[in-house]
Amino acid sequence: MKLVGIVGSNAEHSYNRLLLKEIKARFQHLFTLEILEISKVPLFNASADNLDLEEVQYLNQRILEADGVIIATPEHNHTIPPALKSVLEWLSYKLHPFEDKPVMVVGASYDVLGTSRSQLHLRQILEAPGLRAHVFPGNEFLLGQAKEAFGENGRLVDAKTIQYLSECIEKFVRFVHILKQVEQPRHRKQGIIHQSYQLGDFSKGMDDSEVAEIIQQLKSGEKEVAHYHVPTGNKDQYIVHTFQTVTDEDGSIISIEEFIMDYAQIIEQYLKQTGQSLTNAGDLTTTKQSQYTEPEIPEVDVLSSASQHLESKKSTITKK
């Protein structure tokens, strides 16, 4: 597995750089980690063309080629550093390397809270439409009092901290593996459209309140699968959105998969094969109804092979 780690600071000395070096050295048996610097990336400017900026193109290419990304962010005034925000702006303006990319957020700071606010903010940013990353849920690694956390050799010294970091990293590796199995680009095949969504994303063209209710039911465990019919105004279509949760080995929800299918073709084929027709003038296949004729049913004793319950029911109806 190939990962890249982004140092979320342009400072010459950064404990978040040390944290990424720790991850690279300690977990080399699980993946290779290339550490990317952002110090040479210019301040974001919408007037400039990021396609001509070598520093931005380099980051874009390295992220695209990676199986996943780890971002180590400091915390400045309850949020991420401006240098990191600027890089994310460049990589969501005309380039979109984070789209559908598994991303883990970690952080180190001098404070005891360990970048809790900046990590929360960064997670929200990564879910923005221009980025659309698959942010690794939960498992927040918040390294507080970073000055004391590292020894003179630049390695973590506390055994419990190392143990928790190991747990988070190992779960992220599983997260990346699972996403590679279930995540596919949007495609159309045999009338089915498939799309994978990060938690909190909603399908375009649908009523947000209805979809939000479905997402909540899935996230709460009330349902594992939910269906939603979307009227199109076209009598030749019957579009149904099916939402299904994808979980990891521990049962935690990773993503919500959406399958969009036009059932009109299936219904039409079924009617042809069985010789039936729809009689409701307002139904979806009304325009096709003239193609079908009610089949001539031979007179047979259909009750002769029915259950005793149906015989009894027939007798009751006859008496009335």
# chains A, B, ... in the order shown; residues from 1 in each chain; ligands from 1
$ residues_around --residues "Asn77 in chain A" --least-positions-apart "2" --cutoff "10 Å" --atoms "only C-alpha atoms" --output "PyMOL selection string"
chain A and resi 75+79-81+117-118
$ residues_around --residues "Lys94 in chain A" --least-positions-apart "3" --cutoff "10 Å" --atoms "only C-alpha atoms" --output "VMD selection string"
chain A and resid 46 49 to 51 89 to 91 97 130
$ write_last_selection --atoms "N, CA, C and O atoms" --output "compact mmCIF listing (two decimals), in the first residue's frame"
# COMPACT_ATOMS: atom_id res chain seq x y z
N ALA A 46 -7.26 32.86 -6.97
CA ALA A 46 -8.19 32.37 -7.98
C ALA A 46 -7.89 32.92 -9.36
O ALA A 46 -8.33 32.36 -10.37
N ASP A 49 -3.45 30.46 -12.55
CA ASP A 49 -3.78 29.17 -13.14
C ASP A 49 -2.96 28.09 -12.44
O ASP A 49 -1.75 28.00 -12.60
N ASN A 50 -3.63 27.28 -11.61
CA ASN A 50 -2.90 26.26 -10.87
C ASN A 50 -2.34 25.17 -11.77
O ASN A 50 -1.52 24.37 -11.35
N LEU A 51 -2.80 25.12 -13.01
CA LEU A 51 -2.25 24.13 -13.93
C LEU A 51 -0.82 24.47 -14.33
O LEU A 51 -0.09 23.62 -14.84
N GLU A 89 -7.25 24.80 -1.08
CA GLU A 89 -7.95 25.64 -2.08
C GLU A 89 -7.40 25.35 -3.48
O GLU A 89 -8.15 25.19 -4.44
N TRP A 90 -6.06 25.29 -3.59
CA TRP A 90 -5.46 24.97 -4.89
C TRP A 90 -5.93 23.62 -5.40
O TRP A 90 -6.20 23.45 -6.60
N LEU A 91 -6.05 22.64 -4.49
CA LEU A 91 -6.37 21.27 -4.88
C LEU A 91 -7.88 21.00 -4.90
O LEU A 91 -8.30 19.85 -4.86
N PRO A 97 -7.67 16.06 -6.66
CA PRO A 97 -7.05 14.76 -6.36
C PRO A 97 -7.63 14.07 -5.13
O PRO A 97 -7.44 12.87 -4.96
N GLY A 130 -15.76 20.55 -3.48
CA GLY A 130 -14.56 20.60 -4.30
C GLY A 130 -13.51 19.57 -3.93
O GLY A 130 -12.59 19.30 -4.71
$ select_by_dssp --residues "range 18-253 of chain A" --states "helix (DSSP H, G or I)" --output "ChimeraX atom specification"
/A:18-26,50-52,54-65,82-90,116-126,146-149,159-182,208-220
$ residues_around --residues "range 14-24 of chain A" --least-positions-apart "2" --cutoff "9 Å" --atoms "only C-alpha atoms" --output "number ranges by chain"
A: 5-12, 26-28, 31-35, 37, 70-74, 106-110, 143, 146-147, 150, 154-156, 165-166, 169
$ atom_distance --atom1 "CA of Ser47 in chain A" --atom2 "CA of Leu59 in chain A"
19.7 Å
$ closest_residue --among "A:Phe243, A:Tyr228, A:Tyr238, A:Phe172" --to "Tyr263 in chain A" --atoms "only C-alpha atoms"
A:Tyr238
$ atom_distance --atom1 "CA of Thr161 in chain A" --atom2 "CA of Val112 in chain A"
13.4 Å
$ atom_distance --atom1 "CA of Ile260 in chain A" --atom2 "CA of Pro231 in chain A"
12.6 Å
